[in-house]
Amino acid sequence: MIGISKLYCGAVEPADVLRYNRESKRLPSGLLQFSRDKKPVVVWNCTRTCNLKCEHCYAQSDARRYDQLSTEQAKAMIDDLAAFGAPVLLFSGGEPCVRPDLVELISYAKSAGMRVVISTNGTLITPELAREFAKVGLSYVGVSFDGDPATHDRFRGVPGAFDAALRGLHNAQDAGIKVGLRFTINKHNWREIDDIFDLMQAEGINRACFYHLVYSGRGSAMIDEDLTHEQTRAAVRLIMDRTKQWFDEGGHPEILTVDNHADGVFVYEELLREDPERAAAVYELLQMNQGNSSGNGIGCVSWDGEVYADQFWRHFSLGNVTQRPFSEIWTDTSRTTPASELMFRLKDKRPFVTGRCARCKWLDICGGNFRVRAEAATGDLWAPDPACYLTDEEIGLTDTPERRAADLAADLVEPPAQGPDAAASAR
């Protein structure tokens with residue numbers, strides 16, 4: 001997660017983070033990405049059932065009923081998460097609003113001391129439900145949009161989905177709940193980023209997360225629909241420019257990009273040319289961020305209790321909360337099982353990534369980027385992330401005969417002995 005407004009527009013300084021000693025339990029929600037302890041924000045796909053059928057759904061949801069954690073099982077999980085120190089529980093789906101006990105569970109998590117947010121398609125948020133959310137202290141509602149009404153309805157697979165989502169968002173706003181947009185970038189909609197900014201300013205929405213495409217679930221079929229590297233650079237540059245324009249006009253937008261930490265390096269490199277003094281502060285913040293946090297600062301629990309490194313990594317379960325507490329699963333780096341081997345590596349991916357990632361001068365800031373995307377594209381969990389759009393020159397791989405020979409030699413080196421092979425197991 002890269003905060004464009006925080007980094008590029010100067011909305012956050014290193015001192016803002018350091019005053020909380022970078023502890024998850026003390027940091028405000030907007031600064032959690034800079035925490036030192038990396039207690040996991042937990043995405044709970046509380047149901048797989050959904051009233052829409054989106055092309056890019058990582059959970060492959062539909063309108064059928066699926067086995068899911070009971071209310072009591074969910075409360076036991078929440079108790080463990082709260083005791084473990086997980087700072088945020090994000091209710092997702094499927095569509096979380098189809099769970100009849102959603103408000104009860106939000107209230108329970110709040111009473112346990114957790115910050116609670118939901119990610120929703122927005123279509124089921126009635127004025128009455130929004131008021132219930134507000135009453136129990138829901139912190140934030142993130143509603144997914146995919147572009148203009150025609151583009152959105154096509155992606156969501158249901159006519160009228162855009163208008164219904166906008167009504168749900170308005171209902172949450174009217175109830176006094178903070179709202180924001182979620183937008184997954186791909187070849188079919190990236191030129192509508194301007195439209196999303198226009199919509200936000202017209203509707204009084206100050207927050208948006210722009211997600212890079214991850215090849216998972218039904219999104220796996222969209223691997224060829226990802227942007228080219230040149231298009232990605234143009235999209236990120238546009239997001240930066242629109243955010244800065246909004247700030248310059250006196251606004252206070254909170255704009256983030258998600259699932260590609262090359263964005264942080266790109267912002268830094270652009271600032272080196274535009275504002276070197278600001279660039280120094282951004283570099284310090286990026287070091288605190290530490291890059292991709294799958295299996296460390298972000299985790300996922302599925303509708304049936306399976307634990308994953310993040311919400312996209314659904315082909316490899318680390319355990320199930322009905323059999324073992326999340327806190328034990330998450331901290332098991334014993335390397336005695338494929339799951340614990342994978343957890344060991346995800347706590348620090350840098351020794352295990354290969355290719356240009358292993359030789360990148362930004363590895364400490366990027367953290368090895370998105371492993372599940374690398375695996376989906378190449379079959380190798382530790383291969384370079386194909387969505388990294390930084391050039392060899394930008395990452396410090398100069399094109400000389402000596403460098404090419406060294407790179408070839410590095411690629412031919414056998415990986416270290418690993419015990420249980422988490423990469424093979426994950427496939």
# chains A, B, ... in the order shown; residues from 1 in each chain; ligands from 1

$ closest_atom_pairs --of "segment 66-123 of chain A" --to "segment 39-57 of chain A" --cutoff "8 Å" --atoms "only C-alpha atoms" --output "Markdown table"
| residue | atom | partner | partner_atom | distance |
| --- | --- | --- | --- | --- |
| A:Tyr66 | CA | A:Arg48 | CA | 6.5 |
| A:Gln68 | CA | A:Thr47 | CA | 6.3 |
| A:Leu69 | CA | A:Cys46 | CA | 7.5 |
| A:Gly85 | CA | A:Lys39 | CA | 6.5 |
| A:Ala86 | CA | A:Pro40 | CA | 5.3 |
| A:Pro87 | CA | A:Val41 | CA | 6.0 |
| A:Val88 | CA | A:Val41 | CA | 5.0 |
| A:Leu89 | CA | A:Val42 | CA | 5.1 |
| A:Leu90 | CA | A:Val43 | CA | 4.7 |
| A:Phe91 | CA | A:Trp44 | CA | 5.1 |
| A:Ser92 | CA | A:Asn45 | CA | 4.6 |
| A:Gly93 | CA | A:Asn45 | CA | 4.4 |
| A:Gly94 | CA | A:Arg48 | CA | 4.2 |
| A:Glu95 | CA | A:Cys50 | CA | 4.7 |
| A:Pro96 | CA | A:Cys46 | CA | 6.2 |
| A:Val98 | CA | A:Cys50 | CA | 7.2 |
| A:Arg99 | CA | A:Thr47 | CA | 7.0 |

$ write_last_selection --atoms "N, CA and C atoms" --output "mmCIF file, in the first residue's frame"
data_model
loop_
_atom_site.group_PDB
_atom_site.id
_atom_site.type_symbol
_atom_site.label_atom_id
_atom_site.label_comp_id
_atom_site.auth_asym_id
_atom_site.auth_seq_id
_atom_site.Cartn_x
_atom_site.Cartn_y
_atom_site.Cartn_z
ATOM 1 N N TYR A 66 -22.648 -21.101 0.872
ATOM 2 C CA TYR A 66 -21.451 -21.892 1.134
ATOM 3 C C TYR A 66 -21.304 -22.091 2.639
ATOM 4 N N GLN A 68 -19.695 -21.622 6.070
ATOM 5 C CA GLN A 68 -18.951 -20.501 6.592
ATOM 6 C C GLN A 68 -18.906 -20.576 8.115
ATOM 7 N N LEU A 69 -17.999 -19.808 8.710
ATOM 8 C CA LEU A 69 -17.894 -19.791 10.155
ATOM 9 C C LEU A 69 -19.222 -19.368 10.770
ATOM 10 N N GLY A 85 -3.296 -8.742 18.968
ATOM 11 C CA GLY A 85 -2.913 -7.370 18.650
ATOM 12 C C GLY A 85 -3.141 -6.980 17.212
ATOM 13 N N ALA A 86 -3.908 -7.777 16.460
ATOM 14 C CA ALA A 86 -4.250 -7.378 15.095
ATOM 15 C C ALA A 86 -5.035 -6.066 15.165
ATOM 16 N N PRO A 87 -4.567 -5.002 14.524
ATOM 17 C CA PRO A 87 -5.176 -3.691 14.752
ATOM 18 C C PRO A 87 -6.495 -3.461 14.023
ATOM 19 N N VAL A 88 -6.688 -4.144 12.886
ATOM 20 C CA VAL A 88 -7.863 -3.894 12.056
ATOM 21 C C VAL A 88 -8.441 -5.210 11.574
ATOM 22 N N LEU A 89 -9.764 -5.310 11.599
ATOM 23 C CA LEU A 89 -10.470 -6.427 10.972
ATOM 24 C C LEU A 89 -11.308 -5.861 9.837
ATOM 25 N N LEU A 90 -11.017 -6.332 8.639
ATOM 26 C CA LEU A 90 -11.727 -5.878 7.451
ATOM 27 C C LEU A 90 -12.692 -6.970 7.015
ATOM 28 N N PHE A 91 -13.983 -6.684 7.102
ATOM 29 C CA PHE A 91 -15.008 -7.625 6.641
ATOM 30 C C PHE A 91 -15.140 -7.495 5.128
ATOM 31 N N SER A 92 -14.928 -8.620 4.430
ATOM 32 C CA SER A 92 -15.051 -8.628 2.984
ATOM 33 C C SER A 92 -15.877 -9.838 2.595
ATOM 34 N N GLY A 93 -15.904 -10.168 1.302
ATOM 35 C CA GLY A 93 -16.716 -11.286 0.858
ATOM 36 C C GLY A 93 -16.048 -12.038 -0.276
ATOM 37 N N GLY A 94 -16.916 -12.528 -1.168
ATOM 38 C CA GLY A 94 -18.335 -12.311 -1.312
ATOM 39 C C GLY A 94 -18.767 -10.887 -1.003
ATOM 40 N N GLU A 95 -20.012 -10.817 -0.613
ATOM 41 C CA GLU A 95 -20.585 -9.540 -0.194
ATOM 42 C C GLU A 95 -20.935 -9.648 1.282
ATOM 43 N N PRO A 96 -20.180 -8.927 2.162
ATOM 44 C CA PRO A 96 -20.387 -9.090 3.601
ATOM 45 C C PRO A 96 -21.798 -8.759 4.066
ATOM 46 N N VAL A 98 -24.532 -9.724 3.051
ATOM 47 C CA VAL A 98 -25.499 -10.821 3.003
ATOM 48 C C VAL A 98 -25.492 -11.624 4.303
ATOM 49 N N ARG A 99 -24.476 -11.433 5.163
ATOM 50 C CA ARG A 99 -24.457 -12.154 6.447
ATOM 51 C C ARG A 99 -25.461 -11.511 7.397
#

$ residues_around --residues "Gly142 of chain A" --least-positions-apart "2" --cutoff "9 Å" --atoms "only C-alpha atoms" --output "PyMOL selection string"
chain A and resi 117-122+140+144+169+178-182+207-209

$ write_last_selection --atoms "C-alpha atoms" --output "short mmCIF file (atom, residue, chain, number, x, y, z; two decimals), in the first residue's frame"
data_model
loop_
_atom_site.label_atom_id
_atom_site.label_comp_id
_atom_site.auth_asym_id
_atom_site.auth_seq_id
_atom_site.Cartn_x
_atom_site.Cartn_y
_atom_site.Cartn_z
CA VAL A 117 -13.98 -1.63 8.28
CA ILE A 118 -15.89 -3.32 5.48
CA SER A 119 -15.21 -3.78 1.78
CA THR A 120 -18.44 -4.05 -0.15
CA ASN A 121 -20.05 -3.68 -3.55
CA GLY A 122 -22.37 -1.20 -1.86
CA TYR A 140 -15.10 2.92 7.29
CA SER A 144 -15.84 -0.89 -5.25
CA LEU A 169 -22.36 4.80 -0.59
CA LYS A 178 -16.34 7.60 6.44
CA VAL A 179 -16.46 6.17 2.91
CA GLY A 180 -14.04 5.56 0.09
CA LEU A 181 -13.75 4.01 -3.37
CA ARG A 182 -11.85 0.90 -4.47
CA ARG A 207 -10.53 8.50 -0.10
CA ALA A 208 -9.73 5.99 -2.84
CA CYS A 209 -7.57 2.89 -3.18
#

$ residues_around --residues "Trp362 of chain A" --least-positions-apart "2" --cutoff "10 Å" --atoms "only C-alpha atoms" --output "ChimeraX atom specification"
/A:261-262,264-265,287,291,357-360,364-368,394-396

$ write_last_selection --atoms "C-alpha atoms" --output "PDB file, in the first residue's frame"
ATOM      1  CA  HIS A 261       5.376  -1.457  -4.334  1.00  0.00           C
ATOM      2  CA  ALA A 262       7.228  -0.332  -7.431  1.00  0.00           C
ATOM      3  CA  GLY A 264       6.850   3.807  -3.995  1.00  0.00           C
ATOM      4  CA  VAL A 265      10.120   3.824  -5.909  1.00  0.00           C
ATOM      5  CA  GLN A 287      12.021   2.369   4.563  1.00  0.00           C
ATOM      6  CA  GLY A 291       7.185  -3.005   0.971  1.00  0.00           C
ATOM      7  CA  CYS A 357      14.304  -8.909  -7.865  1.00  0.00           C
ATOM      8  CA  ALA A 358      17.286 -10.448  -6.043  1.00  0.00           C
ATOM      9  CA  ARG A 359      19.651  -7.906  -7.603  1.00  0.00           C
ATOM     10  CA  CYS A 360      17.391  -4.850  -7.312  1.00  0.00           C
ATOM     11  CA  ASP A 364      14.635  -3.358   1.046  1.00  0.00           C
ATOM     12  CA  ILE A 365      11.945  -0.832   0.111  1.00  0.00           C
ATOM     13  CA  CYS A 366       9.887  -3.057  -2.177  1.00  0.00           C
ATOM     14  CA  GLY A 367      10.157  -6.164  -0.002  1.00  0.00           C
ATOM     15  CA  GLY A 368      10.101  -8.511  -3.000  1.00  0.00           C
ATOM     16  CA  GLU A 394      16.184   2.292 -12.401  1.00  0.00           C
ATOM     17  CA  ILE A 395      16.814  -0.774 -10.255  1.00  0.00           C
ATOM     18  CA  GLY A 396      20.602  -0.645 -10.686  1.00  0.00           C
TER      19      GLY A 396
END

$ residues_around --residues "Thr257 of chain A" --least-positions-apart "3" --cutoff "8 Å" --atoms "only C-alpha atoms" --output "ChimeraX atom specification"
/A:1-4,209-212,260,263

$ closest_atom_pairs --of "segment 202-272 of chain A" --to "segment 369-377 of chain A" --cutoff "9 Å" --atoms "only C-alpha atoms" --output "CSV"
residue,atom,partner,partner_atom,distance
A:Leu213,CA,A:Arg373,CA,8.9
A:Val214,CA,A:Arg373,CA,6.0
A:Tyr215,CA,A:Arg373,CA,5.8
A:Ser216,CA,A:Ala376,CA,7.6
A:Ser220,CA,A:Ala376,CA,7.5
A:Ile223,CA,A:Ala377,CA,7.6
A:Asp259,CA,A:Phe370,CA,6.8
A:Asn260,CA,A:Asn369,CA,6.4
A:His261,CA,A:Asn369,CA,6.0
A:Ala262,CA,A:Asn369,CA,7.7

$ residues_around --residues "segment 146-155 of chain A" --least-positions-apart "5" --cutoff "9 Å" --atoms "only C-alpha atoms" --output "ChimeraX atom specification"
/A:53-56,160-163,182-185,188-193,195-196

$ atom_distance --atom1 "atom CA of Arg131 of chain A" --atom2 "atom CA of Cys97 of chain A"
13.5 Å

$ closest_residue --among "A:Glu277, A:Asp380, A:Asp304, A:Glu341" --to "Gln73 of chain A" --atoms "only C-alpha atoms"
A:Asp304

$ residues_around --residues "Met343 of chain A" --least-positions-apart "6" --cutoff "7 Å" --atoms "only C-alpha atoms" --output "list in words"
Gly295, Asp332 and Thr333 of chain A

$ atom_distance --atom1 "atom CA of Leu381 of chain A" --atom2 "atom CA of Val236 of chain A"
25.8 Å

$ atom_distance --atom1 "atom CA of Val282 of chain A" --atom2 "atom CA of His252 of chain A"
18.5 Å
